[in-house]
$ cat final02.cif   # mmCIF, C-alpha atoms
data_structure
#
loop_
_atom_site.label_atom_id
_atom_site.label_comp_id
_atom_site.auth_asym_id
_atom_site.auth_seq_id
_atom_site.Cartn_x
_atom_site.Cartn_y
_atom_site.Cartn_z
CA MET A 853 -81.93 239.12 80.41
CA ASP A 854 -80.64 241.30 77.62
CA PRO A 855 -80.78 240.30 73.96
CA VAL A 856 -77.42 238.52 74.14
CA GLY A 857 -78.74 236.29 76.91
CA GLN A 858 -76.77 237.77 79.80
CA ASP A 859 -78.27 238.89 83.09
CA ILE A 860 -77.14 242.53 83.43
CA ASN A 861 -78.88 243.31 86.74
CA LEU A 862 -76.04 244.47 89.02
CA ASN A 863 -77.75 243.03 92.11
CA SER A 864 -78.36 239.65 90.52
CA PRO A 865 -76.20 236.71 91.66
CA ASN A 866 -76.33 235.60 88.00
CA LYS A 867 -74.90 238.86 86.59
CA GLY A 868 -72.79 238.14 83.55
CA LEU A 869 -73.94 234.56 83.35
CA GLY A 870 -75.66 233.08 80.36
CA PRO A 871 -79.02 231.31 80.44
CA ALA A 872 -77.43 228.01 81.49
CA GLY A 873 -75.94 229.67 84.59
CA GLY A 874 -72.35 229.18 83.48
CA VAL A 875 -69.94 231.67 82.03
CA ASP A 876 -71.54 233.12 78.94
CA SER A 877 -70.82 232.14 75.37
CA LEU A 878 -67.45 233.88 75.38
CA THR A 879 -65.74 230.65 76.34
CA GLU A 880 -67.85 228.18 74.41
CA GLY A 881 -65.75 226.44 71.79
CA GLY A 882 -62.61 227.69 73.50
CA ALA A 883 -62.04 231.38 74.03
CA MET A 884 -64.99 232.66 72.01
CA GLY A 885 -64.81 230.21 69.14
CA VAL A 886 -63.23 230.40 65.74
CA ALA A 887 -65.82 232.76 64.23
CA ALA A 888 -65.09 235.44 66.81
CA ALA A 889 -61.36 235.24 66.12
CA ASN A 890 -61.96 237.07 62.86
CA THR A 891 -63.16 240.15 64.79
CA LEU A 892 -60.12 240.63 67.04
CA PRO A 893 -59.18 244.16 68.06
CA PRO A 894 -56.25 245.59 66.08
CA GLY A 895 -52.83 244.58 67.38
CA LEU A 896 -54.13 241.53 69.29
CA THR A 897 -53.18 238.04 68.17
CA GLU A 898 -55.51 235.06 68.44
CA GLU A 899 -53.32 233.54 71.18
CA GLU A 900 -53.43 236.77 73.20
CA ALA A 901 -57.18 236.98 72.77
CA GLU A 902 -57.61 233.36 73.92
CA GLU A 903 -55.46 234.08 76.98
CA LEU A 904 -57.47 237.21 77.80
CA TYR A 905 -60.77 235.31 77.38
CA SER A 906 -59.44 232.57 79.62
CA ASP A 907 -58.47 235.14 82.28
CA LEU A 908 -61.87 236.77 81.90
CA ALA A 909 -63.61 233.43 82.44
CA LYS A 910 -61.54 232.79 85.59
CA VAL A 911 -62.29 236.26 87.00
CA GLU A 912 -66.02 235.89 86.30
CA GLU A 913 -65.98 232.47 87.97
CA GLU A 914 -64.25 234.00 91.03
CA ILE A 915 -66.84 236.79 91.10
CA ASN A 916 -69.64 234.21 91.01
CA THR A 917 -67.98 232.26 93.84
CA LEU A 918 -67.61 235.42 95.92
CA ARG A 919 -71.30 236.25 95.36
CA GLN A 920 -72.24 232.78 96.60
CA VAL A 921 -69.98 233.14 99.67
CA LEU A 922 -71.42 236.59 100.43
CA LEU A 923 -74.97 235.28 100.09
CA ALA A 924 -74.20 232.40 102.47
CA LYS A 925 -72.64 234.79 105.00
CA GLU A 926 -75.66 237.14 104.80
CA LYS A 927 -77.97 234.20 105.45
CA HIS A 928 -75.82 233.09 108.39
CA SER A 929 -75.83 236.64 109.78
CA ALA A 930 -79.63 236.83 109.48
CA GLU A 931 -79.97 233.48 111.27
CA LEU A 932 -77.70 234.61 114.14
CA LYS A 933 -79.66 237.86 114.48
CA ARG A 934 -82.92 235.89 114.53
CA LYS A 935 -81.60 233.62 117.29
CA LEU A 936 -80.47 236.65 119.29
CA GLY A 937 -83.86 238.29 118.85
CA LEU A 938 -82.42 241.13 116.80
CA SER A 939 -85.04 242.09 114.28
CA PRO A 940 -84.62 245.05 111.94
CA LEU A 941 -87.18 246.90 114.08
CA ASN A 942 -85.18 246.20 117.26
CA GLU A 943 -82.01 247.40 115.56
CA LEU A 944 -83.78 250.59 114.50
CA LYS A 945 -85.05 251.14 118.05
CA GLN A 946 -81.54 250.66 119.44
CA ASN A 947 -80.08 253.08 116.90
CA LEU A 948 -82.74 255.70 117.69
CA THR A 949 -82.25 255.30 121.44
CA LYS A 950 -78.49 255.67 121.12
CA GLY A 951 -78.92 258.68 118.83
CA TRP A 952 -81.31 260.36 121.29
CA GLN A 953 -78.86 259.73 124.15
CA ASP A 954 -76.08 261.28 122.07
CA VAL A 955 -78.26 264.34 121.43
CA GLN A 956 -79.13 264.70 125.11
CA THR A 957 -75.48 264.61 126.14
CA SER A 958 -74.40 267.15 123.51
CA ASN A 959 -73.45 270.68 124.55
CA ALA A 960 -75.87 272.22 122.06
CA TYR A 961 -78.80 270.35 123.62
CA LYS A 962 -77.77 271.38 127.14
CA LYS A 963 -77.41 275.05 126.17
CA THR A 964 -80.74 275.04 124.35
CA SER A 965 -82.42 273.35 127.31
CA GLU A 966 -81.02 275.93 129.73
CA THR A 967 -82.06 278.83 127.50
CA LEU A 968 -85.59 277.48 127.12
CA SER A 969 -85.82 276.93 130.87
CA VAL A 970 -84.83 280.54 131.60
CA ALA A 971 -87.23 281.82 128.93
CA GLY A 972 -90.03 279.73 130.43
CA GLN A 973 -89.36 281.09 133.91
CA LYS A 974 -89.37 284.68 132.67
CA THR A 975 -92.53 284.12 130.65
CA THR A 976 -94.23 282.59 133.69
CA ALA A 977 -93.22 285.59 135.79
CA ALA A 978 -94.51 288.02 133.15
CA PHE A 979 -97.89 286.27 132.92
CA SER A 980 -98.12 286.10 136.69
CA THR A 981 -97.47 289.84 136.96
CA MET A 982 -99.95 290.56 134.17
CA GLY A 983 -102.57 288.40 135.90
CA THR A 984 -102.03 290.21 139.19
CA VAL A 985 -102.34 293.63 137.53
CA LEU A 986 -105.45 292.60 135.60
CA SER A 987 -107.05 291.13 138.72
CA ARG A 988 -106.35 294.32 140.67
CA LYS A 989 -107.76 296.53 137.90
CA LEU A 990 -110.85 294.35 137.54
CA GLY A 991 -111.31 294.54 141.29
CA ASP A 992 -111.07 298.31 141.09
CA MET A 993 -113.66 298.35 138.32
CA ARG A 994 -116.05 296.19 140.37
CA ALA A 995 -115.86 298.64 143.22
CA LEU A 996 -117.11 301.45 140.99
CA PRO A 997 -120.69 301.70 139.78
CA PHE A 998 -121.02 300.48 136.19
CA SER A 999 -121.86 303.87 134.75
CA ASN A 1000 -118.74 305.38 136.33
CA SER A 1001 -116.37 302.59 135.35
CA PHE A 1002 -115.71 304.21 131.97
CA GLY A 1003 -115.31 307.69 133.38
CA ASN A 1004 -115.83 310.43 130.83
CA TYR A 1005 -115.01 308.18 127.87
CA SER A 1006 -117.42 306.45 125.59
CA ILE A 1007 -116.96 302.73 124.98
CA ARG A 1008 -115.38 303.50 121.61
CA GLN A 1009 -112.82 305.80 123.22
CA SER A 1010 -112.06 303.39 126.05
CA ILE A 1011 -110.91 300.66 123.69
CA SER A 1012 -109.04 302.86 121.24
CA MET A 1013 -105.34 302.21 121.05
CA PRO A 1014 -104.04 305.74 121.84
CA THR A 1015 -106.22 305.97 124.90
CA MET A 1016 -105.18 302.52 126.08
CA ARG A 1017 -101.47 303.23 125.54
CA ASN A 1018 -101.67 306.35 127.65
CA SER A 1019 -103.35 304.58 130.56
CA PRO A 1020 -101.25 303.93 133.69
CA THR A 1021 -102.14 300.21 133.59
CA PHE A 1022 -100.85 299.77 130.05
CA LYS A 1023 -97.69 301.74 130.79
CA SER A 1024 -97.04 299.64 133.90
CA PHE A 1025 -97.54 296.42 131.93
CA GLU A 1026 -95.42 297.73 129.06
CA ASP A 1027 -92.60 298.59 131.48
CA LYS A 1028 -92.66 295.12 133.03
CA VAL A 1029 -92.76 293.31 129.69
CA GLY A 1030 -90.09 295.60 128.27
CA ASN A 1031 -87.75 294.69 131.14
CA ILE A 1032 -87.91 290.96 130.34
CA LYS A 1033 -84.91 289.93 128.31
CA LEU A 1034 -84.36 286.35 127.25
CA GLY A 1035 -80.98 284.91 128.35
#
$ encode --input "final02.cif" --output "structure tokens"
Amino acid sequence: MDPVGQDINLNSPNKGLGPAGGVDSLTEGGAMGVAAANTLPPGLTEEEAEELYSDLAKVEEEINTLRQVLLAKEKHSAELKRKLGLSPLNELKQNLTKGWQDVQTSNAYKKTSETLSVAGQKTTAAFSTMGTVLSRKLGDMRALPFSNSFGNYSIRQSISMPTMRNSPTFKSFEDKVGNIKLG
């Protein structure tokens, strides 16, 4: 409650009500009392002020009634949901399931799925080809004696990048990988 004694919490069912739960002291003693009449805004007569305070009291009473009706309806809604087995978690699950179904039926999802499928097939083919080439080259190396498997190159030369790039195996692999284009 604020210093005047009103509940100013906007979510409170008692918003604007004084400590007794009724309309605040504006209407006590009839439209704010005689003492407040001395502090009327300019151009407003005491009768007009009393009428405005009366209207204000009626509107605040209607607001309070509407809050009570809304609260009762929310309770009734919660009770119906409980009887139907609809918990907040179940509602969330249903919303997520529906959202996922909407995503799966969207054109963007279908196009993305198709593109990824084609990319996966091409990647599988590339790895299969690379595996075949590597297996064949390893088989060729096994057939040679170990000392001859490196030819005239030292180990350092055999793993250097320029030497590897100029090898027929690397060029064959590079050609095959270079030919793969994603949809």
$ atom_distance --input "final02.cif" --atom1 "atom CA of A:Met993" --atom2 "atom CA of A:Thr976"
25.4 Å
$ closest_residue --input "final02.cif" --among "A:Thr964, A:Thr957, A:Thr897, A:Thr1021" --to "A:Thr984" --atoms "only C-alpha atoms"
A:Thr1021
$ axis_aligned_box --input "final02.cif" --around "stretch 967-983 of chain A" --padding-each-side "6 Å" --output "JSON"
{"center_x": -92.3, "center_y": 283.7, "center_z": 132.0, "size_x": 32.5, "size_y": 25.6, "size_z": 21.8}
$ atom_distance --input "final02.cif" --atom1 "atom CA of A:Ser906" --atom2 "atom CA of A:Leu922"
24.3 Å
$ atom_distance --input "final02.cif" --atom1 "atom CA of A:Asp1027" --atom2 "atom CA of A:Ala978"
10.9 Å
$ closest_residue --input "final02.cif" --among "A:Leu892, A:Ala924, A:Glu931, A:Ser1024" --to "A:Met982" --atoms "all atoms listed in the file"
A:Ser1024
$ build_atoms --input "final02.cif" --residues "stretch 980-991 of chain A" --atoms "all heavy atoms" --output "mmCIF file, in the frame of the given file"
data_model
loop_
_atom_site.group_PDB
_atom_site.id
_atom_site.type_symbol
_atom_site.label_atom_id
_atom_site.label_comp_id
_atom_site.auth_asym_id
_atom_site.auth_seq_id
_atom_site.Cartn_x
_atom_site.Cartn_y
_atom_site.Cartn_z
ATOM 1 N N SER A 980 -97.670 285.978 135.305
ATOM 2 C CA SER A 980 -98.120 286.100 136.690
ATOM 3 C C SER A 980 -98.321 287.571 137.055
ATOM 4 O O SER A 980 -99.330 287.935 137.650
ATOM 5 C CB SER A 980 -97.090 285.456 137.616
ATOM 6 O OG SER A 980 -97.463 285.640 138.957
ATOM 7 N N THR A 981 -97.363 288.408 136.687
ATOM 8 C CA THR A 981 -97.470 289.840 136.960
ATOM 9 C C THR A 981 -98.661 290.427 136.217
ATOM 10 O O THR A 981 -99.432 291.215 136.790
ATOM 11 C CB THR A 981 -96.168 290.555 136.530
ATOM 12 O OG1 THR A 981 -95.089 289.978 137.240
ATOM 13 C CG2 THR A 981 -96.243 292.036 136.805
ATOM 14 N N MET A 982 -98.822 290.046 134.950
ATOM 15 C CA MET A 982 -99.950 290.560 134.170
ATOM 16 C C MET A 982 -101.269 290.123 134.802
ATOM 17 O O MET A 982 -102.202 290.919 134.905
ATOM 18 C CB MET A 982 -99.868 290.025 132.736
ATOM 19 C CG MET A 982 -100.954 290.572 131.825
ATOM 20 S SD MET A 982 -100.804 290.007 130.133
ATOM 21 C CE MET A 982 -101.306 288.316 130.290
ATOM 22 N N GLY A 983 -101.342 288.878 135.260
ATOM 23 C CA GLY A 983 -102.570 288.400 135.900
ATOM 24 C C GLY A 983 -102.871 289.163 137.167
ATOM 25 O O GLY A 983 -104.033 289.509 137.440
ATOM 26 N N THR A 984 -101.842 289.450 137.943
ATOM 27 C CA THR A 984 -102.030 290.210 139.190
ATOM 28 C C THR A 984 -102.536 291.612 138.882
ATOM 29 O O THR A 984 -103.480 292.100 139.522
ATOM 30 C CB THR A 984 -100.696 290.292 139.963
ATOM 31 O OG1 THR A 984 -100.245 288.970 140.214
ATOM 32 C CG2 THR A 984 -100.857 291.053 141.261
ATOM 33 N N VAL A 985 -101.925 292.269 137.892
ATOM 34 C CA VAL A 985 -102.340 293.630 137.530
ATOM 35 C C VAL A 985 -103.762 293.627 137.009
ATOM 36 O O VAL A 985 -104.581 294.477 137.409
ATOM 37 C CB VAL A 985 -101.365 294.220 136.483
ATOM 38 C CG1 VAL A 985 -101.898 295.508 135.892
ATOM 39 C CG2 VAL A 985 -99.996 294.458 137.101
ATOM 40 N N LEU A 986 -104.089 292.667 136.133
ATOM 41 C CA LEU A 986 -105.450 292.600 135.600
ATOM 42 C C LEU A 986 -106.466 292.322 136.708
ATOM 43 O O LEU A 986 -107.552 292.927 136.736
ATOM 44 C CB LEU A 986 -105.550 291.540 134.511
ATOM 45 C CG LEU A 986 -104.874 291.878 133.184
ATOM 46 C CD1 LEU A 986 -104.939 290.677 132.239
ATOM 47 C CD2 LEU A 986 -105.517 293.083 132.534
ATOM 48 N N SER A 987 -106.129 291.432 137.615
ATOM 49 C CA SER A 987 -107.050 291.130 138.720
ATOM 50 C C SER A 987 -107.285 292.375 139.573
ATOM 51 O O SER A 987 -108.422 292.678 139.970
ATOM 52 C CB SER A 987 -106.474 290.027 139.613
ATOM 53 O OG SER A 987 -106.421 288.833 138.914
ATOM 54 N N ARG A 988 -106.211 293.111 139.855
ATOM 55 C CA ARG A 988 -106.350 294.320 140.670
ATOM 56 C C ARG A 988 -107.202 295.348 139.944
ATOM 57 O O ARG A 988 -108.089 295.957 140.529
ATOM 58 C CB ARG A 988 -104.968 294.899 140.984
ATOM 59 C CG ARG A 988 -105.045 296.057 141.971
ATOM 60 C CD ARG A 988 -103.683 296.574 142.404
ATOM 61 N NE ARG A 988 -102.939 297.106 141.264
ATOM 62 C CZ ARG A 988 -101.698 296.768 140.961
ATOM 63 N NH1 ARG A 988 -101.043 295.903 141.700
ATOM 64 N NH2 ARG A 988 -101.105 297.287 139.912
ATOM 65 N N LYS A 989 -106.981 295.545 138.660
ATOM 66 C CA LYS A 989 -107.760 296.530 137.900
ATOM 67 C C LYS A 989 -109.215 296.106 137.793
ATOM 68 O O LYS A 989 -110.118 296.939 137.897
ATOM 69 C CB LYS A 989 -107.158 296.730 136.505
ATOM 70 C CG LYS A 989 -105.848 297.459 136.535
ATOM 71 C CD LYS A 989 -106.018 298.834 137.137
ATOM 72 C CE LYS A 989 -104.701 299.542 137.277
ATOM 73 N NZ LYS A 989 -104.828 300.857 137.866
ATOM 74 N N LEU A 990 -109.463 294.822 137.583
ATOM 75 C CA LEU A 990 -110.850 294.350 137.540
ATOM 76 C C LEU A 990 -111.524 294.530 138.887
ATOM 77 O O LEU A 990 -112.709 294.885 138.973
ATOM 78 C CB LEU A 990 -110.905 292.889 137.092
ATOM 79 C CG LEU A 990 -110.592 292.622 135.615
ATOM 80 C CD1 LEU A 990 -110.537 291.128 135.348
ATOM 81 C CD2 LEU A 990 -111.620 293.291 134.721
ATOM 82 N N GLY A 991 -110.757 294.307 139.936
ATOM 83 C CA GLY A 991 -111.310 294.540 141.290
ATOM 84 C C GLY A 991 -111.643 295.999 141.490
ATOM 85 O O GLY A 991 -112.692 296.330 142.075
#
